[in-house]
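**Q** Pasting work-v2.txt here (compact mmCIF, C-alpha atoms):
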# COMPACT_ATOMS: atom_id res chain seq x y z
CA MET A 1 3.95 -20.05 -2.05
CA GLN A 2 6.34 -18.26 0.31
CA SER A 3 4.53 -15.92 2.67
CA ILE A 4 4.08 -12.39 1.37
CA TYR A 5 5.53 -10.91 4.53
CA LYS A 6 8.61 -13.10 4.22
CA GLN A 7 9.01 -12.00 0.60
CA ILE A 8 8.87 -8.33 1.60
CA THR A 9 11.25 -8.69 4.56
CA GLU A 10 13.77 -10.77 2.62
CA ALA A 11 13.72 -8.23 -0.21
CA ARG A 12 14.45 -5.47 2.32
CA GLN A 13 17.34 -7.43 3.79
CA LYS A 14 18.84 -7.87 0.31
CA GLY A 15 18.33 -4.22 -0.63
CA LYS A 16 15.79 -5.12 -3.29
CA LYS A 17 12.93 -2.71 -3.90
CA SER A 18 9.40 -3.85 -4.73
CA PHE A 19 6.56 -2.37 -6.77
CA ALA A 20 2.81 -2.76 -6.22
CA VAL A 21 -0.06 -1.68 -8.45
CA LEU A 22 -3.09 -0.48 -6.51
CA VAL A 23 -6.41 -1.53 -8.03
CA ASP A 24 -9.59 0.16 -6.80
CA PRO A 25 -12.60 -2.13 -7.44
CA ASP A 26 -14.77 0.96 -7.85
CA LYS A 27 -12.65 2.29 -10.69
CA ILE A 28 -11.85 -0.76 -12.78
CA MET A 29 -14.28 -2.58 -15.05
CA PRO A 30 -14.00 -6.36 -15.50
CA GLY A 31 -13.12 -5.83 -19.16
CA GLN A 32 -10.05 -3.80 -18.21
CA ILE A 33 -8.52 -6.39 -15.92
CA GLY A 34 -7.06 -8.58 -18.66
CA GLU A 35 -5.08 -5.74 -20.21
CA LEU A 36 -3.88 -4.49 -16.80
CA CYS A 37 -2.66 -7.97 -15.87
CA LYS A 38 -0.92 -8.36 -19.22
CA LEU A 39 0.95 -5.10 -18.66
CA ALA A 40 1.76 -5.98 -15.03
CA ASN A 41 3.06 -9.43 -15.95
CA ALA A 42 5.31 -7.98 -18.64
CA ALA A 43 6.56 -5.21 -16.34
CA GLY A 44 7.57 -7.53 -13.51
CA VAL A 45 5.17 -6.04 -10.97
CA ASP A 46 5.69 -7.64 -7.56
CA TYR A 47 2.21 -7.26 -6.01
CA PHE A 48 -1.34 -6.24 -6.71
CA PHE A 49 -2.88 -4.25 -3.86
CA ILE A 50 -6.66 -4.35 -4.19
CA GLY A 51 -9.01 -2.06 -2.26
CA GLY A 52 -10.01 1.52 -1.69
CA SER A 53 -11.31 3.97 0.86
CA LEU A 54 -14.95 3.39 -0.04
CA VAL A 55 -15.56 0.41 -2.38
CA VAL A 56 -19.22 1.19 -3.00
CA THR A 57 -19.56 -1.59 -5.56
CA ASN A 58 -19.92 -5.20 -4.47
CA HIS A 59 -17.66 -6.90 -6.97
CA LEU A 60 -14.46 -7.21 -4.91
CA ASP A 61 -14.54 -11.01 -5.25
CA THR A 62 -15.12 -10.67 -8.99
CA VAL A 63 -12.12 -8.37 -9.40
CA VAL A 64 -9.84 -10.56 -7.27
CA LYS A 65 -10.83 -13.74 -9.14
CA ALA A 66 -10.42 -12.03 -12.51
CA VAL A 67 -6.90 -10.92 -11.59
CA LYS A 68 -6.11 -14.42 -10.31
CA ALA A 69 -7.20 -15.89 -13.64
CA GLU A 70 -4.85 -13.61 -15.58
CA SER A 71 -1.78 -13.39 -13.35
CA ASP A 72 0.35 -15.20 -10.76
CA ILE A 73 1.31 -11.91 -9.09
CA PRO A 74 0.37 -12.09 -5.37
CA ILE A 75 -2.81 -10.22 -4.44
CA VAL A 76 -2.82 -8.26 -1.19
CA LEU A 77 -6.02 -6.65 0.07
CA PHE A 78 -5.75 -2.99 1.08
CA PRO A 79 -9.09 -2.60 2.89
CA GLY A 80 -10.81 0.67 3.66
CA ASN A 81 -13.24 -1.05 6.04
CA PRO A 82 -13.85 -4.50 7.58
CA ASN A 83 -16.20 -5.55 4.76
CA GLN A 84 -13.48 -5.38 2.13
CA ILE A 85 -12.38 -8.98 2.47
CA SER A 86 -12.12 -11.61 -0.23
CA LYS A 87 -11.02 -15.15 0.55
CA TYR A 88 -9.70 -15.42 -3.01
CA ALA A 89 -6.80 -13.04 -2.32
CA ASP A 90 -3.43 -14.11 -0.91
CA GLY A 91 -2.97 -11.67 1.94
CA LEU A 92 -4.48 -8.73 3.79
CA LEU A 93 -2.91 -5.60 5.23
CA TYR A 94 -4.58 -5.37 8.63
CA LEU A 95 -4.38 -1.60 8.86
CA SER A 96 -4.33 0.37 12.08
CA LEU A 97 -4.41 4.13 11.48
CA ILE A 98 -1.63 5.02 13.90
CA SER A 99 -1.24 8.58 12.59
CA GLY A 100 -4.76 9.53 13.68
CA ARG A 101 -6.70 9.59 16.91
CA ASN A 102 -9.87 7.94 15.67
CA PRO A 103 -10.29 4.90 17.96
CA GLU A 104 -12.49 3.14 15.42
CA LEU A 105 -9.60 2.97 12.97
CA LEU A 106 -7.00 2.25 15.61
CA ILE A 107 -8.78 -0.81 17.04
CA GLY A 108 -12.58 -0.48 16.94
CA GLN A 109 -13.24 -1.83 13.46
CA HIS A 110 -10.65 -4.54 14.01
CA VAL A 111 -12.65 -5.92 16.93
CA ILE A 112 -15.71 -6.16 14.67
CA SER A 113 -13.83 -7.71 11.77
CA ALA A 114 -11.59 -10.10 13.73
CA PRO A 115 -13.77 -13.26 13.46
CA MET A 116 -14.30 -12.77 9.73
CA VAL A 117 -10.65 -12.00 9.12
CA LYS A 118 -9.53 -15.00 11.16
CA GLN A 119 -11.82 -17.33 9.19
CA SER A 120 -10.79 -15.94 5.79
CA GLY A 121 -7.67 -18.09 5.56
CA LEU A 122 -5.73 -15.07 4.27
CA GLU A 123 -2.22 -14.23 5.37
CA ILE A 124 -2.78 -11.37 7.82
CA ILE A 125 -0.07 -8.69 7.96
CA SER A 126 -0.45 -6.12 10.74
CA THR A 127 0.35 -2.71 9.28
CA GLY A 128 0.84 0.68 10.89
CA TYR A 129 -0.92 3.03 8.49
CA MET A 130 0.19 6.66 8.45
CA VAL A 131 -1.62 9.32 6.43
CA ILE A 132 0.65 12.20 5.39
CA ASP A 133 -0.63 15.57 4.18
CA GLY A 134 -0.52 15.42 0.39
CA GLY A 135 -1.48 19.04 -0.21
CA ALA A 136 -5.11 18.34 -1.10
CA PRO A 137 -8.15 16.78 0.57
CA THR A 138 -8.21 13.05 -0.13
CA THR A 139 -10.81 10.36 0.36
CA VAL A 140 -8.74 8.60 2.99
CA SER A 141 -8.39 11.71 5.16
CA TYR A 142 -12.10 12.46 4.85
CA ILE A 143 -13.25 8.90 5.58
CA SER A 144 -10.81 8.46 8.45
CA ASN A 145 -11.90 11.73 10.08
CA ALA A 146 -8.27 12.14 11.13
CA THR A 147 -5.83 14.97 10.55
CA PRO A 148 -2.87 13.86 8.39
CA ILE A 149 0.68 14.26 9.64
CA PRO A 150 1.96 17.62 8.31
CA TYR A 151 4.12 17.36 5.20
CA ASN A 152 7.14 19.01 6.85
CA LYS A 153 6.96 17.34 10.26
CA SER A 154 9.34 14.43 9.76
CA GLU A 155 9.93 14.10 13.49
CA ILE A 156 6.24 13.32 14.07
CA ALA A 157 6.31 10.69 11.31
CA VAL A 158 9.47 9.15 12.78
CA CYS A 159 8.06 8.89 16.30
CA THR A 160 4.75 7.52 14.99
CA ALA A 161 6.50 4.84 12.92
CA MET A 162 8.77 3.90 15.81
CA ALA A 163 5.74 3.55 18.10
CA GLY A 164 4.00 1.37 15.51
CA GLU A 165 7.01 -0.92 15.25
CA MET A 166 7.37 -1.22 19.03
CA LEU A 167 3.65 -2.00 19.31
CA GLY A 168 4.28 -5.00 17.05
CA MET A 169 3.31 -3.77 13.59
CA LYS A 170 5.03 -5.78 10.85
CA LEU A 171 4.96 -3.04 8.22
CA ILE A 172 4.74 0.75 8.15
CA TYR A 173 2.68 2.25 5.30
CA MET A 174 3.03 5.99 4.69
CA ASP A 175 0.33 7.26 2.34
CA ALA A 176 -0.34 10.73 0.94
CA GLY A 177 -3.65 9.40 -0.42
CA SER A 178 -4.98 8.79 -3.90
CA GLY A 179 -4.91 11.95 -5.97
CA ALA A 180 -2.51 13.76 -3.64
CA SER A 181 -1.08 16.87 -5.28
CA ARG A 182 2.16 16.53 -3.33
CA PRO A 183 3.91 13.21 -2.66
CA ILE A 184 5.63 12.42 0.62
CA SER A 185 8.99 14.17 0.84
CA GLU A 186 12.18 12.19 0.45
CA ASN A 187 13.44 13.77 3.68
CA MET A 188 10.52 12.25 5.61
CA ILE A 189 10.94 8.87 3.92
CA LYS A 190 14.65 8.83 4.75
CA ALA A 191 14.08 9.87 8.35
CA VAL A 192 11.46 7.19 8.96
CA SER A 193 13.45 4.48 7.17
CA ASN A 194 16.53 5.26 9.26
CA HIS A 195 14.62 4.80 12.52
CA ILE A 196 12.73 1.55 11.93
CA ASP A 197 13.83 -2.02 11.21
CA ILE A 198 10.64 -3.19 9.50
CA PRO A 199 9.73 -2.67 5.82
CA LEU A 200 8.44 0.73 4.76
CA ILE A 201 5.68 1.08 2.14
CA VAL A 202 5.17 4.45 0.45
CA GLY A 203 2.28 5.55 -1.77
CA GLY A 204 0.18 8.51 -2.85
CA GLY A 205 1.00 11.26 -5.32
CA ILE A 206 3.76 9.31 -7.10
CA THR A 207 3.10 10.31 -10.70
CA ASP A 208 6.38 9.69 -12.51
CA PRO A 209 9.16 7.05 -12.55
CA GLU A 210 11.82 9.50 -11.34
CA LYS A 211 9.86 10.15 -8.14
CA ALA A 212 9.44 6.42 -7.56
CA PHE A 213 13.18 5.92 -8.04
CA HIS A 214 14.12 8.69 -5.60
CA ASN A 215 11.61 7.46 -3.00
CA CYS A 216 13.33 4.08 -3.09
CA GLN A 217 16.74 5.71 -2.82
CA ALA A 218 15.45 7.60 0.23
CA GLY A 219 14.50 4.34 1.96
CA ALA A 220 11.11 3.10 0.75
CA ASP A 221 11.10 -0.68 0.41
CA LEU A 222 7.86 -0.97 -1.53
CA ILE A 223 6.29 1.66 -3.79
CA VAL A 224 2.52 1.66 -4.43
CA VAL A 225 1.07 3.44 -7.46
CA GLY A 226 -2.57 3.50 -8.49
CA ASN A 227 -4.01 6.81 -9.62
CA ALA A 228 -1.19 7.65 -12.05
CA ILE A 229 -1.50 4.29 -13.79
CA GLU A 230 -5.28 4.61 -14.00
CA LYS A 231 -4.71 7.78 -16.01
CA ASP A 232 -1.85 6.44 -18.15
CA SER A 233 -1.28 2.68 -18.26
CA SER A 234 1.97 3.13 -20.23
CA LEU A 235 3.53 4.38 -16.99
CA LEU A 236 3.28 0.94 -15.43
CA LYS A 237 6.43 -0.55 -16.95
CA LYS A 238 8.38 2.70 -16.51
CA MET A 239 7.42 2.83 -12.83
CA SER A 240 8.28 -0.82 -12.28
CA ASP A 241 11.64 -0.47 -14.04
CA ALA A 242 12.50 2.63 -12.00
CA VAL A 243 11.72 0.90 -8.71
CA HIS A 244 13.69 -2.23 -9.53
CA ARG A 245 16.59 -0.18 -10.93
CA SER A 246 16.93 1.48 -7.53
CA SER A 247 17.75 -1.82 -5.82
CA LYS A 248 21.24 -2.05 -4.37
Represent the structure of the file as C-alpha cells.
**A**
Amino acid sequence: MQSIYKQITEARQKGKKSFAVLVDPDKIMPGQIGELCKLANAAGVDYFFIGGSLVVTNHLDTVVKAVKAESDIPIVLFPGNPNQISKYADGLLYLSLISGRNPELLIGQHVISAPMVKQSGLEIISTGYMVIDGGAPTTVSYISNATPIPYNKSEIAVCTAMAGEMLGMKLIYMDAGSGASRPISENMIKAVSNHIDIPLIVGGGITDPEKAFHNCQAGADLIVVGNAIEKDSSLLKKMSDAVHRSSK
C-alpha cells in the first residue's frame, strides 16, 4: 500500500480534498463498527482516524481489528497519549501540541513513547497539532492544560503553523475539539493554508456538509468529522460527498 503521507501530499498537489471519519474507542461499541464501516465504504471515505483525548477503555486493538475486518480504508491513529498505540493500524499521527506551552505535549511524552512507537511498525507522521478556541470548553483543551489559539487571531495561527513546518512537521492539524460550538473560521483556514506548503487537516465543530465544503474551499486538504456523525450517521455520505465535490 502506498504510504499514507504520500497519499495525502499527492492529493494536495492535485487539488483533491480528503475526508476522514474520527472514531473514538470510548464511544463506539463493537456491534456498531460493522454498520459504520458499511456506510464509510459506500460513501468513499478516505481515512479512519481512531483515538480520543482520554480513551479510558482498553479495547483500542479490538476496535482497530474490527474496522480492518470490515473495510480496506486506511486506519490512522489519532492518539491522546503515548499509550494509544495499536500495531494493527496503518499509521500514526505523532502529535506535537505546537499551539500550547505544555512541554509534556510538545516533546515530553514523545520521549517516553519513542521506543514503543519505533517498534510498532506503523507509518509515523509527525504532525503539528494546533488547538483553536471552539467557543466551549473541550476535552482536548482541558487534558492538554493549554490555552487554545483565539478564534479571531489568524496571525497567531499562521505563525504557529509556519513554525511547525519549518521545524520539520509533515502535517498541520487545526482542531477546535470534539463538541466545539464554533468551528474554525474560514478566514483562519485560508490564512494558514496560504502560508504553508504542507497538507492542512481541519476538524472540530463541523456539523453540516456545507461547512465541510467551505472549509475545503478555504484551503483545508483533509476534513475530519466525528461528533456530528456519532449523532447522525446519515450525515456521513453527505459530508464525504461535500468534501470530494470541493476538489478542483
**Q** For Ile156 (chain A), which residue among A:Gly177, A:Gly100, A:Ala20, A:Gly204 is the nearest when counting all atoms listed in the file?
**A** A:Gly100
**Q** Quick check, in Å to one decimal: how far apart do CA of Gln32 (chain A) and CA of Ser120 (chain A) lie?
**A**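 According to the coordinates, CA of Gln32 (chain A) and CA of Ser120 (chain A) are separated by 26.9 Å.
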**Q** Between A:Met162, A:Ile132, A:Ile124, A:Ile85, single out the one closest to Val202 (chain A), counting all atoms listed in the file.
**A** A:Ile132
**Q** Kindly indicate which residue among A:Asp221, A:Asp90, A:Asp24, A:Asp208 lies nearest to Leu235 (chain A), using all atoms listed in the file for the distances.
**A**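 Smallest distance to Leu235 (chain A) is found for A:Asp208.
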**Q** Return the single residue from A:Leu95, A:Ala89, A:Ala66, A:Ala11 that is closest to Leu122 (chain A), with distances computed using all atoms listed in the file.
**A**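 Between A:Leu95, A:Ala89, A:Ala66, A:Ala11, the residue approaching Leu122 (chain A) most closely is A:Ala89.
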**Q** Have a look at A:Asp197, A:Thr147, A:Val140, A:Pro74 and name the one nearest to Met166 (chain A); count all atoms listed in the file.
**A**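 For Met166 (chain A), the nearest of the candidates is A:Asp197.
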**Q** Could you please determine the separation between CA of Ala220 (chain A) and CA of Pro199 (chain A) in Å, to one decimal place?
**A** 7.8 Å
**Q** Quick one: residues within 12 Å of Gly205 (chain A), all atoms listed in the file counted, chain neighbours fewer than 5 positions away excluded, as JSON, numbers by chain?
**A** {"A": [132, 133, 134, 135, 136, 138, 174, 175, 176, 177, 178, 179, 180, 181, 182, 183, 184, 185, 211, 212, 215, 223, 224, 225, 226, 227, 228, 229]}
**Q** Using only C-alpha atoms, can you tell me which of A:Asn152, A:Lys17, A:His59, A:Thr139 comes closest to His214 (chain A)?
**A** A:Lys17
**Q** Tell me, as a PyMOL selection string, which residues lie within 9 Å of Gly219 (chain A), counting all atoms listed in the file; anything in the same chain fewer than 2 positions away does not count.
**A** chain A and resi 186+189-194+200+214-217+221
**Q** Kindly add N, CA and C atoms to the incomplete region 160-188 of chain A and provide the output as a JSON list (two decimals), in the frame of the given file.
**A**
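Writing the result to selection-v1.json gives the following:
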[["chain", "number", "residue", "atom", "x", "y", "z"],
["A", 160, "THR", "N", 5.95, 8.34, 15.22],
["A", 160, "THR", "CA", 4.75, 7.52, 14.99],
["A", 160, "THR", "C", 5.14, 6.15, 14.46],
["A", 161, "ALA", "N", 6.06, 6.12, 13.50],
["A", 161, "ALA", "CA", 6.50, 4.84, 12.92],
["A", 161, "ALA", "C", 7.23, 3.99, 13.96],
["A", 162, "MET", "N", 8.06, 4.63, 14.76],
["A", 162, "MET", "CA", 8.77, 3.90, 15.81],
["A", 162, "MET", "C", 7.78, 3.29, 16.80],
["A", 163, "ALA", "N", 6.76, 4.06, 17.17],
["A", 163, "ALA", "CA", 5.74, 3.55, 18.10],
["A", 163, "ALA", "C", 5.01, 2.36, 17.48],
["A", 164, "GLY", "N", 4.67, 2.47, 16.19],
["A", 164, "GLY", "CA", 4.00, 1.37, 15.51],
["A", 164, "GLY", "C", 4.83, 0.10, 15.52],
["A", 165, "GLU", "N", 6.13, 0.25, 15.25],
["A", 165, "GLU", "CA", 7.01, -0.92, 15.25],
["A", 165, "GLU", "C", 7.08, -1.54, 16.64],
["A", 166, "MET", "N", 7.24, -0.69, 17.66],
["A", 166, "MET", "CA", 7.37, -1.22, 19.03],
["A", 166, "MET", "C", 6.06, -1.82, 19.54],
["A", 167, "LEU", "N", 4.94, -1.40, 18.95],
["A", 167, "LEU", "CA", 3.65, -2.00, 19.31],
["A", 167, "LEU", "C", 3.43, -3.33, 18.59],
["A", 168, "GLY", "N", 4.34, -3.70, 17.70],
["A", 168, "GLY", "CA", 4.28, -5.00, 17.05],
["A", 168, "GLY", "C", 3.83, -5.00, 15.61],
["A", 169, "MET", "N", 3.67, -3.82, 15.00],
["A", 169, "MET", "CA", 3.31, -3.77, 13.59],
["A", 169, "MET", "C", 4.43, -4.40, 12.75],
["A", 170, "LYS", "N", 4.04, -5.12, 11.70],
["A", 170, "LYS", "CA", 5.03, -5.78, 10.85],
["A", 170, "LYS", "C", 5.49, -4.91, 9.69],
["A", 171, "LEU", "N", 4.64, -3.96, 9.31],
["A", 171, "LEU", "CA", 4.96, -3.04, 8.22],
["A", 171, "LEU", "C", 4.54, -1.64, 8.63],
["A", 172, "ILE", "N", 5.20, -0.64, 8.05],
["A", 172, "ILE", "CA", 4.74, 0.75, 8.15],
["A", 172, "ILE", "C", 4.38, 1.21, 6.75],
["A", 173, "TYR", "N", 3.18, 1.79, 6.61],
["A", 173, "TYR", "CA", 2.68, 2.25, 5.30],
["A", 173, "TYR", "C", 2.42, 3.75, 5.42],
["A", 174, "MET", "N", 3.25, 4.54, 4.73],
["A", 174, "MET", "CA", 3.03, 5.99, 4.69],
["A", 174, "MET", "C", 2.32, 6.33, 3.39],
["A", 175, "ASP", "N", 1.17, 7.02, 3.50],
["A", 175, "ASP", "CA", 0.33, 7.26, 2.34],
["A", 175, "ASP", "C", -0.11, 8.73, 2.29],
["A", 176, "ALA", "N", 0.15, 9.36, 1.14],
["A", 176, "ALA", "CA", -0.34, 10.73, 0.94],
["A", 176, "ALA", "C", -1.76, 10.72, 0.41],
["A", 177, "GLY", "N", -2.27, 9.53, 0.06],
["A", 177, "GLY", "CA", -3.65, 9.40, -0.42],
["A", 177, "GLY", "C", -3.75, 9.48, -1.93],
["A", 178, "SER", "N", -4.74, 8.79, -2.46],
["A", 178, "SER", "CA", -4.98, 8.79, -3.90],
["A", 178, "SER", "C", -5.31, 10.21, -4.37],
["A", 179, "GLY", "N", -4.65, 10.63, -5.42],
["A", 179, "GLY", "CA", -4.91, 11.95, -5.97],
["A", 179, "GLY", "C", -4.20, 13.08, -5.25],
["A", 180, "ALA", "N", -3.26, 12.73, -4.36],
["A", 180, "ALA", "CA", -2.51, 13.76, -3.64],
["A", 180, "ALA", "C", -1.78, 14.66, -4.64],
["A", 181, "SER", "N", -1.78, 15.95, -4.38],
["A", 181, "SER", "CA", -1.08, 16.87, -5.28],
["A", 181, "SER", "C", 0.40, 16.97, -4.94],
["A", 182, "ARG", "N", 0.77, 16.45, -3.77],
["A", 182, "ARG", "CA", 2.16, 16.53, -3.33],
["A", 182, "ARG", "C", 2.54, 15.20, -2.68],
["A", 183, "PRO", "N", 3.51, 14.48, -3.24],
["A", 183, "PRO", "CA", 3.91, 13.21, -2.66],
["A", 183, "PRO", "C", 4.68, 13.42, -1.35],
["A", 184, "ILE", "N", 4.87, 12.36, -0.62],
["A", 184, "ILE", "CA", 5.63, 12.42, 0.62],
["A", 184, "ILE", "C", 7.06, 12.81, 0.31],
["A", 185, "SER", "N", 7.64, 13.68, 1.11],
["A", 185, "SER", "CA", 8.99, 14.17, 0.84],
["A", 185, "SER", "C", 10.03, 13.07, 1.06],
["A", 186, "GLU", "N", 11.10, 13.16, 0.29],
["A", 186, "GLU", "CA", 12.18, 12.19, 0.45],
["A", 186, "GLU", "C", 12.85, 12.35, 1.81],
["A", 187, "ASN", "N", 12.86, 13.55, 2.36],
["A", 187, "ASN", "CA", 13.44, 13.77, 3.68],
["A", 187, "ASN", "C", 12.67, 12.98, 4.75],
["A", 188, "MET", "N", 11.33, 12.99, 4.65],
["A", 188, "MET", "CA", 10.52, 12.25, 5.61],
["A", 188, "MET", "C", 10.72, 10.75, 5.44]]
